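Asks: Take a look at this one; I'll ask things after.
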Amino acid sequence: MATTSSHFSATSHWYSNESSVSRLIDFGSKWRKQQLFSKNSRRLVKRRLVSVSIKNVSSEPKQTLKDDLLIQEEEEVPRILNPSTPNTSSIASSIKYHAEFTPLFSLERFELPKAYFATAQSVRDALIINWNSTYECYERLNAKQAYYLSMEFLQGRALLNAIGNLELNGAYAEALSKLGHSLENVACQEPDAALGNGGLGRLASCFLDSLATLNYPAWGYGLRYKYGLFKQKITKDGQEEVAEDWLEMGNPWEILRNDVSYPVKFYGKVVSGSDGKRHWIGGEDIKAVAYDVPIPGYKTKTTINLRLWSTKAPSEDLDLYAFNVGDHTKAYEALLNAEKICYVLYPGDDSLEGKILRLKQQYTLCSASLQDIISCFERRSGSDIKWDKFPEKVAVQMNDTHPTLCIPELMRVLIDLKGLSWKEAWNITQRTVAYTNHTVLPEALEKWSVELMQKLLPRHVEIIELIDEELIHTIVSEYGNEDSDLLEKKLKEMRILENVDLPSAFAEVIVKPKLETKTVYNSEEETKTAYDLEEEMELSEELENSEEETKLVYKSEEETTTAYDLEEEMELVDEKDESNSKVTQKKEKIMAEPPPLPPKMVRMANLCVVGGHAVNGVAEIHSEIVKDEVFNAFFKLWPDKFQNKTNGVTPRRWIRFCNPGLSKIITDWTGMDDWVLNTEKLAELRKFSDNEDLQVQWKAAKRSNKMKVISFLKEKTGYSVSPDAMFDIQVKRIHEYKRQLLNILGIVYRYKKMKEMSAAERKTKYVPRVCIFGGKAFATYVQAKRIVKFITDVGATVNHDPEIGDLLKVVFVPDYNVSVAELLIPASELSQHISTAGMEASGTSNMKFAMNGCVLIGTLDGANVEIREEVGEDNFFLFGAKAHEIAGLRKERADGKFVPDPIFEEVKDFVRSGVFGPYSYDELMASLEGNEGFGRADYFLVGKDFTSYIECQEEVDKAYQDQKRWTKMSIMNTAGSYKFSSDRTIREYAREIWNIEPVELP
């Protein structure tokens, strides 16, 4: 229905006599026939007849609601939903109550923003009852609970998800219709919660949904980012970043817990007390304050919690004297330093200040969450606290390396604050914590400067040093010191502290013979100083043997000079005295400028592996890479630690709610709607995949979704596209390894070939396509931003070419988020998952696309491998090099043996011709050239896979021209996606890592 501008007016006041309510609401298909509110315990009494009028601004007619929404004198009007009457009237009354008595907008208006907040508050009231009962049940039973720590939770909009889980879609839609609005328009007022960016955060949110739905006792912990990552705008210059404004109007789903806050310390120093303990004193102290968000399960009373931390400083930290004398910046400095910790997700870390802020964020998450977890354990234990039972009540899952500081923080609390011994604390920590690895990319296997950590977290560095020493002892015990080269290799690969000398206790572990040949220094690998070398070689001040001394050479990263070369370079003469003099001069010159020592670093991923009891990858191929390459030395030492947990997505949000048309078809053809909870039932669609009636319905549902996207694209980008074209979509974080560049270069090749053909030839050879991109490039990732600019420039040229018309369109959707995904994915027909093999850990959008009947084109990377197995090889378009070939192909390139296909060179030349505008893409194209060097040599193998990609796209065109075949492929993708439910993933985590059991509320 058309959006109306409305007024909400009430002529009298409501009065209430309230008391506590602790009854449980069952929002299942059958409402419990219990009376939540008695007339004596809770009444909201209307003293006079009141009508609610809706004023339409455009036509000005006065609209009065039907009699069932009139509130008669002495009639009971609940402020929250009564479970015995889940009808239009009770819901409308609840919404009206919040519109008047939980006001965030002007009293006289009831326009869409106010309608959204009142509706959300009405739903939240209902959730709180189940939420509180869930919490009380966990407290009473004291069952083991899992705690999921993540820097991201990409929730998406909450209103429709919550209403859907409570099975109240129809009732809320009808109530809002009678109040003058549609549920769809009201829901669109909700901004996406800016608490994440990509797959890491979306996975975490899917996991919370499944945990609640499956009744597992669990909580999530994250940070409450005030401005998110950024809001993406697309201008003529490409991507522009502005602060996200998702909290400016408030967040009706969160509840501030002023009574739940914990101190978090930075800087300071560590001293030994008279009690023999180490004490972390001084420094900067802030407070982490809890904001709670309810996470409802589907068709269950269980409602779990996502606790988000916000940071602030005590009010006394405001320097009132400085403020009053006019030095306002100084006066507010301490408060600002505390608050900015939770301003932005992933602040740029090119500067020292940025690195400090990121490390503060990570420690805040770990410290506040663990203090909260420990407080809960102590409270539930009562007077009988047994710390050795802590791992039997608590499971902590670290989502990637960001929460790594959980390990030293838990050790610090147990040792320094709870008085446990090192051995006791280490045993507890290792049994409690587990680690999920999400990628093999170096930037995700975080390293932090030892110097920076010593400054910011001095006590934690002490603990990490002791953990590293414990690890060294384990390695030495395992491998012995007979083979010094092997031992040195293992220590170098496995130690937590990189480029740090061995502790004094292990100084004699590696015994090497005195050097008789040249000693080479490499700044990336060696840790010895010039002084160490002098001691080792026992150099005397006076040279006795010039031939021996010429063998002392300091090497930079690239030099390859040998001792013999040095002799030639110095032009040694026969006379020994002159030779000695020249060698001495050369030595002095070299010794005066030793190469810089490599920085001392803390390898967070290694700390995760050492400190936890389980390490898992997120797809079968990724988990094998983790074992065989990333952590191979650890796998050989502790093979039982390593597991696979293939990712999944929630079928509630990603089919049931975002694609109701397809959901109805699935229900009709499988016979029941229990596939939402038991996705194995989707496989039953396979036997109907050739059925003409199903195919007709399937295509109609897809076209309906495409029509919604056409309207959306017109509104957001101004481009008009045809519903008869194939919708070809790649939406994900912009990164070179995800190869949006391969996609757009393929489109450029397609466009170039079209321009070389006649109109008749074009129509015969190519099916019409709408190529849609979406995703954010990190603000400081220059190459990714160039790719965004390139995509938009190609679109601006192609979309305005009258010769091409609807045969090809290229659209970049700005500010891609969960809500946009919920529109695009159901409408997709081809989806691109084309990362360089071996570099995508899993992916989750590929699962969402397959669930919604989209055919995938991709490499054998991440979960693509398993998706292809489940949906069938004939229903997946495969191209490109395999993961085990990548290293060899890169070496081939480095050796200068790679010969690019002429069509790849043709495309690069076409781009450089300026056909897509005046912007120079020389640097972007240069990244695909050369044999070595940073930012060159086509590290992600775009050129290598280009020909295979183009050939595969030709197969896509052929398949799409046969619509019966294509529709069958679409059905088979949905049917084969049953494995990729996050419910399956969570059951595996619960059984094999966390050791927790479901707890169903009575």
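Chain labels run A, B, ... following the order of the structure tokens; each chain numbers its residues from 1, and ligands are numbered from 1 in the order shown.
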Could you give me, as a PyMOL selection string, the residues within 12 Å of Thr429 of chain A, counting only C-alpha atoms and dropping anything in the same chain fewer than 6 positions from it?
Replies: chain A and resi 370+387-392+394-397+405-415+420+422-423+467+608+610-614
Asks: How about saving the chosen residues, N, CA and C atoms kept, as a tab-separated table (two decimals), in the first residue's frame?
Replies:
chain	number	residue	atom	x	y	z
A	370	LEU	N	35.13	-11.76	29.79
A	370	LEU	CA	35.61	-12.77	30.74
A	370	LEU	C	35.26	-12.40	32.18
A	387	TRP	N	37.27	-23.89	41.19
A	387	TRP	CA	37.78	-23.38	39.92
A	387	TRP	C	38.12	-24.49	38.94
A	388	ASP	N	38.45	-25.67	39.44
A	388	ASP	CA	38.75	-26.75	38.52
A	388	ASP	C	37.51	-27.21	37.74
A	389	LYS	N	36.32	-26.79	38.21
A	389	LYS	CA	35.07	-27.11	37.52
A	389	LYS	C	34.70	-26.04	36.48
A	390	PHE	N	35.48	-24.99	36.40
A	390	PHE	CA	35.16	-23.90	35.48
A	390	PHE	C	34.98	-24.39	34.04
A	391	PRO	N	35.89	-25.22	33.51
A	391	PRO	CA	35.68	-25.70	32.12
A	391	PRO	C	34.48	-26.62	31.96
A	392	GLU	N	33.96	-27.14	33.07
A	392	GLU	CA	32.77	-27.98	33.00
A	392	GLU	C	31.49	-27.15	32.97
A	394	VAL	N	31.79	-23.69	31.53
A	394	VAL	CA	32.04	-22.58	30.61
A	394	VAL	C	32.80	-23.06	29.38
A	395	ALA	N	32.30	-22.69	28.20
A	395	ALA	CA	33.02	-22.90	26.93
A	395	ALA	C	33.13	-21.55	26.23
A	396	VAL	N	34.35	-21.14	25.93
A	396	VAL	CA	34.59	-19.85	25.28
A	396	VAL	C	35.09	-20.11	23.86
A	397	GLN	N	34.36	-19.62	22.87
A	397	GLN	CA	34.76	-19.79	21.47
A	397	GLN	C	35.25	-18.46	20.93
A	405	LEU	N	43.25	-12.38	23.10
A	405	LEU	CA	43.66	-11.94	24.43
A	405	LEU	C	42.83	-12.56	25.54
A	406	CYS	N	41.78	-13.31	25.17
A	406	CYS	CA	41.06	-14.10	26.18
A	406	CYS	C	42.02	-15.02	26.93
A	407	ILE	N	43.00	-15.53	26.24
A	407	ILE	CA	43.89	-16.53	26.85
A	407	ILE	C	44.74	-15.91	27.96
A	408	PRO	N	45.56	-14.87	27.68
A	408	PRO	CA	46.31	-14.28	28.79
A	408	PRO	C	45.43	-13.57	29.80
A	409	GLU	N	44.27	-13.06	29.37
A	409	GLU	CA	43.39	-12.38	30.33
A	409	GLU	C	42.79	-13.36	31.32
A	410	LEU	N	42.36	-14.53	30.85
A	410	LEU	CA	41.83	-15.54	31.77
A	410	LEU	C	42.94	-15.99	32.72
A	411	MET	N	44.15	-16.16	32.22
A	411	MET	CA	45.28	-16.51	33.09
A	411	MET	C	45.52	-15.41	34.14
A	412	ARG	N	45.48	-14.17	33.70
A	412	ARG	CA	45.72	-13.06	34.64
A	412	ARG	C	44.70	-13.04	35.76
A	413	VAL	N	43.44	-13.17	35.42
A	413	VAL	CA	42.39	-13.13	36.43
A	413	VAL	C	42.53	-14.31	37.40
A	414	LEU	N	42.76	-15.49	36.85
A	414	LEU	CA	42.84	-16.68	37.71
A	414	LEU	C	44.06	-16.62	38.64
A	415	ILE	N	45.18	-16.14	38.13
A	415	ILE	CA	46.40	-16.11	38.94
A	415	ILE	C	46.45	-14.89	39.86
A	420	LEU	N	45.08	-18.60	41.98
A	420	LEU	CA	45.44	-19.94	41.52
A	420	LEU	C	46.91	-19.99	41.12
A	422	TRP	N	50.09	-21.14	38.60
A	422	TRP	CA	50.23	-21.14	37.14
A	422	TRP	C	49.71	-22.44	36.54
A	423	LYS	N	50.07	-23.57	37.12
A	423	LYS	CA	49.67	-24.87	36.58
A	423	LYS	C	48.16	-25.01	36.58
A	467	ILE	N	53.88	-18.38	28.61
A	467	ILE	CA	53.25	-19.38	27.75
A	467	ILE	C	54.21	-19.80	26.64
A	608	CYS	N	46.57	-18.74	19.96
A	608	CYS	CA	45.26	-19.38	19.96
A	608	CYS	C	45.39	-20.91	19.94
A	610	VAL	N	47.98	-22.76	20.82
A	610	VAL	CA	48.63	-23.26	22.03
A	610	VAL	C	47.68	-23.19	23.23
A	611	GLY	N	46.92	-22.10	23.33
A	611	GLY	CA	46.11	-21.86	24.52
A	611	GLY	C	44.75	-22.53	24.52
A	612	GLY	N	44.31	-23.06	23.39
A	612	GLY	CA	42.98	-23.66	23.33
A	612	GLY	C	43.02	-25.16	23.20
A	613	HIS	N	41.87	-25.78	23.41
A	613	HIS	CA	41.80	-27.25	23.32
A	613	HIS	C	41.30	-27.71	21.97
A	614	ALA	N	40.80	-26.78	21.13
A	614	ALA	CA	40.30	-27.16	19.80
A	614	ALA	C	40.57	-26.04	18.81
Asks: Excluding same-chain residues fewer than 4 positions from Thr436 of chain A, what lies within 6 Å of it counting only C-alpha atoms, as a PyMOL selection string?
Replies: chain A and resi 399-400+615-616
Asks: Emit the selected residues as a tab-separated table (two decimals), in the first residue's frame, including N, CA and C atoms.
Replies:
chain	number	residue	atom	x	y	z
A	399	ASN	N	36.05	-16.33	17.83
A	399	ASN	CA	35.73	-16.25	16.41
A	399	ASN	C	36.84	-15.49	15.70
A	400	ASP	N	37.80	-16.23	15.15
A	400	ASP	CA	39.01	-15.69	14.54
A	400	ASP	C	39.99	-15.22	15.63
A	615	VAL	N	40.93	-26.42	17.60
A	615	VAL	CA	41.15	-25.49	16.50
A	615	VAL	C	40.36	-26.02	15.32
A	616	ASN	N	39.48	-25.20	14.75
A	616	ASN	CA	38.70	-25.69	13.62
A	616	ASN	C	38.75	-24.74	12.44
Asks: I'd like the neighbourhood of segment 729-741 of chain A as a list in words, where a residue qualifies if any of its atoms comes within 6 Å (using only C-alpha atoms), though same-chain residues fewer than 6 positions away should be ignored.
Replies: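 The residues that qualify are Cys771, Ile772, Phe773, Gly774, Gly775, Lys776, Ala777, Ala784, Ser831, Gln832, Ser835, Thr836 and Phe940 of chain A.
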Asks: Return as a count of residues only the full set of residues in segment 433-475 of chain A whose backbone-based DSSP assignment is strand (DSSP E).
Replies: 7
Asks: Nearest to Gly201 of chain A: which of A:Gly976, A:Gly661, A:Gly718, A:Gly843 is it, counting only C-alpha atoms?
Replies: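 Among the listed residues, A:Gly843 lies closest to Gly201 of chain A.
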Asks: Let me make sure I understand: among A:Asp640, A:Asp724, A:Glu885, A:Asp668, which one has the smallest atom-to-atom distance to Gln961 of chain A if we use only C-alpha atoms?
Replies: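 The answer is A:Asp724, which sits nearest to Gln961 of chain A.
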Asks: Can you work out which one of A:Lys340, A:Lys330, A:Lys753, A:Arg307 has the shortest atom-to-atom distance to Ala218 of chain A, counting only C-alpha atoms?
Replies: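 Counting only C-alpha atoms, the residue closest to Ala218 of chain A is A:Arg307.
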Asks: Between A:Gly917, A:Gly382, A:Gly170, A:Gly196, which one has atoms that come closest to Glu139 of chain A, using only C-alpha atoms?
Replies: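 Among the listed residues, the smallest separation from Glu139 of chain A belongs to A:Gly382.
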Asks: What does the distance between atom CA of Asn644 of chain A and atom CA of Ser981 of chain A come to in Å, to one decimal place?
Replies: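 Spanning atom CA of Asn644 of chain A to atom CA of Ser981 of chain A is a straight-line distance of 15.3 Å.
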Asks: Applying 8 Å and only C-alpha atoms, which residues near Val270 of chain A remain after dropping the ones on its own chain fewer than 2 positions away? List them as a list of chain:residue names.
Replies: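 Surrounding residues, per the criterion: A:Gly268, A:Ser272, A:Arg278, A:His279, A:Trp280, A:Ile281, A:Pro458, A:Arg459.
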Asks: Fewer than 2 positions away in the same chain doesn't count, so skip those; otherwise give me all residues within 10 Å of segment 625-636 of chain A, counting only C-alpha atoms, as an mmCIF file with C-alpha atoms, in the first residue's frame.
Replies:
data_model
loop_
_atom_site.group_PDB
_atom_site.id
_atom_site.type_symbol
_atom_site.label_atom_id
_atom_site.label_comp_id
_atom_site.auth_asym_id
_atom_site.auth_seq_id
_atom_site.Cartn_x
_atom_site.Cartn_y
_atom_site.Cartn_z
ATOM 1 C CA ASN A 437 40.346 -20.027 12.057
ATOM 2 C CA HIS A 438 38.634 -18.201 9.204
ATOM 3 C CA THR A 439 41.326 -17.527 6.643
ATOM 4 C CA VAL A 440 44.867 -18.194 5.535
ATOM 5 C CA LEU A 441 45.478 -14.538 4.643
ATOM 6 C CA LEU A 445 46.695 -14.252 11.228
ATOM 7 C CA ILE A 475 58.940 -28.489 21.545
ATOM 8 C CA LYS A 489 63.167 -24.771 12.433
ATOM 9 C CA LYS A 490 60.390 -25.938 14.752
ATOM 10 C CA LEU A 491 61.036 -23.161 17.273
ATOM 11 C CA GLU A 493 57.815 -21.814 13.072
ATOM 12 C CA MET A 494 55.877 -22.486 16.270
ATOM 13 C CA ALA A 605 47.155 -17.322 15.841
ATOM 14 C CA ASN A 606 49.942 -19.392 17.396
ATOM 15 C CA VAL A 609 46.444 -22.837 18.947
ATOM 16 C CA VAL A 610 48.626 -23.258 22.030
ATOM 17 C CA VAL A 615 41.152 -25.491 16.497
ATOM 18 C CA ASN A 616 38.697 -25.687 13.619
ATOM 19 C CA GLY A 617 38.557 -24.603 10.027
ATOM 20 C CA VAL A 618 35.246 -23.702 8.410
ATOM 21 C CA ALA A 619 35.114 -25.895 5.302
ATOM 22 C CA GLU A 620 36.599 -29.271 4.466
ATOM 23 C CA ILE A 621 39.223 -27.952 2.063
ATOM 24 C CA HIS A 622 40.089 -25.070 4.376
ATOM 25 C CA SER A 623 40.520 -27.355 7.380
ATOM 26 C CA TRP A 638 48.662 -32.115 18.617
ATOM 27 C CA PRO A 639 46.614 -33.797 15.855
ATOM 28 C CA ASP A 640 43.576 -34.282 18.114
ATOM 29 C CA LYS A 641 43.130 -30.516 18.495
ATOM 30 C CA PHE A 642 42.224 -29.961 14.853
ATOM 31 C CA GLN A 643 38.668 -30.267 13.504
ATOM 32 C CA ASN A 644 36.461 -29.129 10.662
ATOM 33 C CA GLY A 838 42.847 -22.059 -1.469
ATOM 34 C CA MET A 839 42.277 -18.496 -0.250
ATOM 35 C CA ALA A 841 38.130 -20.286 3.999
ATOM 36 C CA ALA A 883 44.301 -25.165 -4.623
ATOM 37 C CA HIS A 884 47.253 -27.580 -4.821
#
Asks: Need the shell around Val818 of chain A: protein/DNA/RNA residues with any atom at most 8 Å away, counting only C-alpha atoms. Skip same-chain ones fewer than 2 positions apart. Format as a list of chain:residue names?
Replies: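 Near Val818 of chain A, the qualifying residues are A:Leu154, A:Gln155, A:Gly156, A:Arg157, A:Asp192, A:Tyr816, A:Val820, A:Ala821, A:Glu822.
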Asks: Could you write out that same residue set with all heavy atoms as an mmCIF file, in the first residue's frame?
Replies:
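Full text of out16.cif as output:
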data_model
loop_
_atom_site.group_PDB
_atom_site.id
_atom_site.type_symbol
_atom_site.label_atom_id
_atom_site.label_comp_id
_atom_site.auth_asym_id
_atom_site.auth_seq_id
_atom_site.Cartn_x
_atom_site.Cartn_y
_atom_site.Cartn_z
ATOM 1 N N LEU A 154 26.860 -9.257 12.390
ATOM 2 C CA LEU A 154 26.137 -8.568 11.326
ATOM 3 C C LEU A 154 24.690 -9.049 11.342
ATOM 4 O O LEU A 154 24.296 -9.945 10.597
ATOM 5 C CB LEU A 154 26.810 -8.838 9.979
ATOM 6 C CG LEU A 154 26.473 -7.880 8.834
ATOM 7 C CD1 LEU A 154 26.771 -6.448 9.205
ATOM 8 C CD2 LEU A 154 27.238 -8.270 7.577
ATOM 9 N N GLN A 155 23.890 -8.426 12.207
ATOM 10 C CA GLN A 155 22.551 -8.923 12.500
ATOM 11 C C GLN A 155 21.540 -8.698 11.378
ATOM 12 O O GLN A 155 20.668 -9.514 11.147
ATOM 13 C CB GLN A 155 22.019 -8.235 13.769
ATOM 14 C CG GLN A 155 22.770 -8.578 15.040
ATOM 15 C CD GLN A 155 22.513 -9.997 15.474
ATOM 16 O OE1 GLN A 155 23.273 -10.897 15.147
ATOM 17 N NE2 GLN A 155 21.457 -10.214 16.205
ATOM 18 N N GLY A 156 21.622 -7.559 10.720
ATOM 19 C CA GLY A 156 20.545 -7.195 9.812
ATOM 20 C C GLY A 156 19.374 -6.637 10.603
ATOM 21 O O GLY A 156 19.441 -6.425 11.814
ATOM 22 N N ARG A 157 18.268 -6.384 9.922
ATOM 23 C CA ARG A 157 17.082 -5.870 10.597
ATOM 24 C C ARG A 157 16.485 -6.925 11.516
ATOM 25 O O ARG A 157 16.483 -8.104 11.196
ATOM 26 C CB ARG A 157 16.046 -5.406 9.570
ATOM 27 C CG ARG A 157 16.468 -4.162 8.808
ATOM 28 C CD ARG A 157 15.538 -3.883 7.650
ATOM 29 N NE ARG A 157 15.850 -2.613 7.002
ATOM 30 C CZ ARG A 157 15.407 -2.256 5.801
ATOM 31 N NH1 ARG A 157 14.623 -3.098 5.115
ATOM 32 N NH2 ARG A 157 15.731 -1.097 5.276
ATOM 33 N N ASP A 192 19.962 -1.153 9.345
ATOM 34 C CA ASP A 192 20.744 -2.338 9.683
ATOM 35 C C ASP A 192 21.680 -2.007 10.843
ATOM 36 O O ASP A 192 22.323 -0.956 10.849
ATOM 37 C CB ASP A 192 21.580 -2.786 8.483
ATOM 38 C CG ASP A 192 20.783 -3.662 7.533
ATOM 39 O OD1 ASP A 192 19.602 -3.362 7.322
ATOM 40 O OD2 ASP A 192 21.347 -4.633 7.014
ATOM 41 N N TYR A 816 26.191 -1.973 0.428
ATOM 42 C CA TYR A 816 25.663 -3.334 0.541
ATOM 43 C C TYR A 816 25.629 -3.779 1.995
ATOM 44 O O TYR A 816 26.585 -3.603 2.751
ATOM 45 C CB TYR A 816 26.554 -4.281 -0.270
ATOM 46 C CG TYR A 816 26.168 -5.739 -0.154
ATOM 47 C CD1 TYR A 816 25.001 -6.216 -0.745
ATOM 48 C CD2 TYR A 816 26.970 -6.626 0.549
ATOM 49 C CE1 TYR A 816 24.646 -7.551 -0.646
ATOM 50 C CE2 TYR A 816 26.623 -7.968 0.646
ATOM 51 C CZ TYR A 816 25.459 -8.421 0.059
ATOM 52 O OH TYR A 816 25.101 -9.744 0.159
ATOM 53 N N VAL A 820 19.979 -5.433 1.980
ATOM 54 C CA VAL A 820 20.122 -5.470 0.525
ATOM 55 C C VAL A 820 20.282 -6.919 0.061
ATOM 56 O O VAL A 820 19.696 -7.332 -0.939
ATOM 57 C CB VAL A 820 21.323 -4.613 0.078
ATOM 58 C CG1 VAL A 820 21.549 -4.757 -1.429
ATOM 59 C CG2 VAL A 820 21.093 -3.149 0.438
ATOM 60 N N ALA A 821 21.053 -7.692 0.810
ATOM 61 C CA ALA A 821 21.225 -9.108 0.471
ATOM 62 C C ALA A 821 19.899 -9.840 0.480
ATOM 63 O O ALA A 821 19.653 -10.718 -0.364
ATOM 64 C CB ALA A 821 22.199 -9.757 1.454
ATOM 65 N N GLU A 822 19.036 -9.509 1.406
ATOM 66 C CA GLU A 822 17.734 -10.175 1.504
ATOM 67 C C GLU A 822 16.857 -9.875 0.296
ATOM 68 O O GLU A 822 15.918 -10.623 0.004
ATOM 69 C CB GLU A 822 17.035 -9.757 2.790
ATOM 70 C CG GLU A 822 17.692 -10.334 4.031
ATOM 71 C CD GLU A 822 17.126 -9.785 5.331
ATOM 72 O OE1 GLU A 822 16.430 -8.748 5.300
ATOM 73 O OE2 GLU A 822 17.378 -10.398 6.375
#
Asks: Among segment 151-318 of chain A, which ones does DSSP assign to helix (DSSP H, G or I) (computed from the backbone)? Answer as a ChimeraX atom specification.
Replies: /A:159-165,169-178,183-187,199-213,315-317
Asks: Find the spatial neighbours of segment 209-214 of chain A, counting only C-alpha atoms, within a cut-off of 6 Å - ignore same-chain residues fewer than 4 positions away - and output them as a ChimeraX atom specification.
Replies: /A:297-298,302-304,983
Asks: Between atom CA of Thr797 of chain A and atom CA of Phe916 of chain A, measure the distance and give it in Å to one decimal.
Replies: 6.0 Å
Asks: For each of A:Cys137, A:Met151, A:Leu159, A:Leu104, take the minimum atom-to-atom distance to Thr119 of chain A, counting only C-alpha atoms, then give the residue where this is smallest.
Replies: A:Leu159
Asks: Counting only C-alpha atoms, which residue out of A:Val956, A:Leu856, A:Thr947, A:Val260 sits closest to Arg769 of chain A?
Replies: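 Distance minimum relative to Arg769 of chain A lands on A:Val956.
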Asks: Please, what distance in Å, to one decimal, runs between atom CA of Ile255 of chain A and atom CA of Tyr291 of chain A?
Replies: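 Separation between atom CA of Ile255 of chain A and atom CA of Tyr291 of chain A: 5.4 Å.
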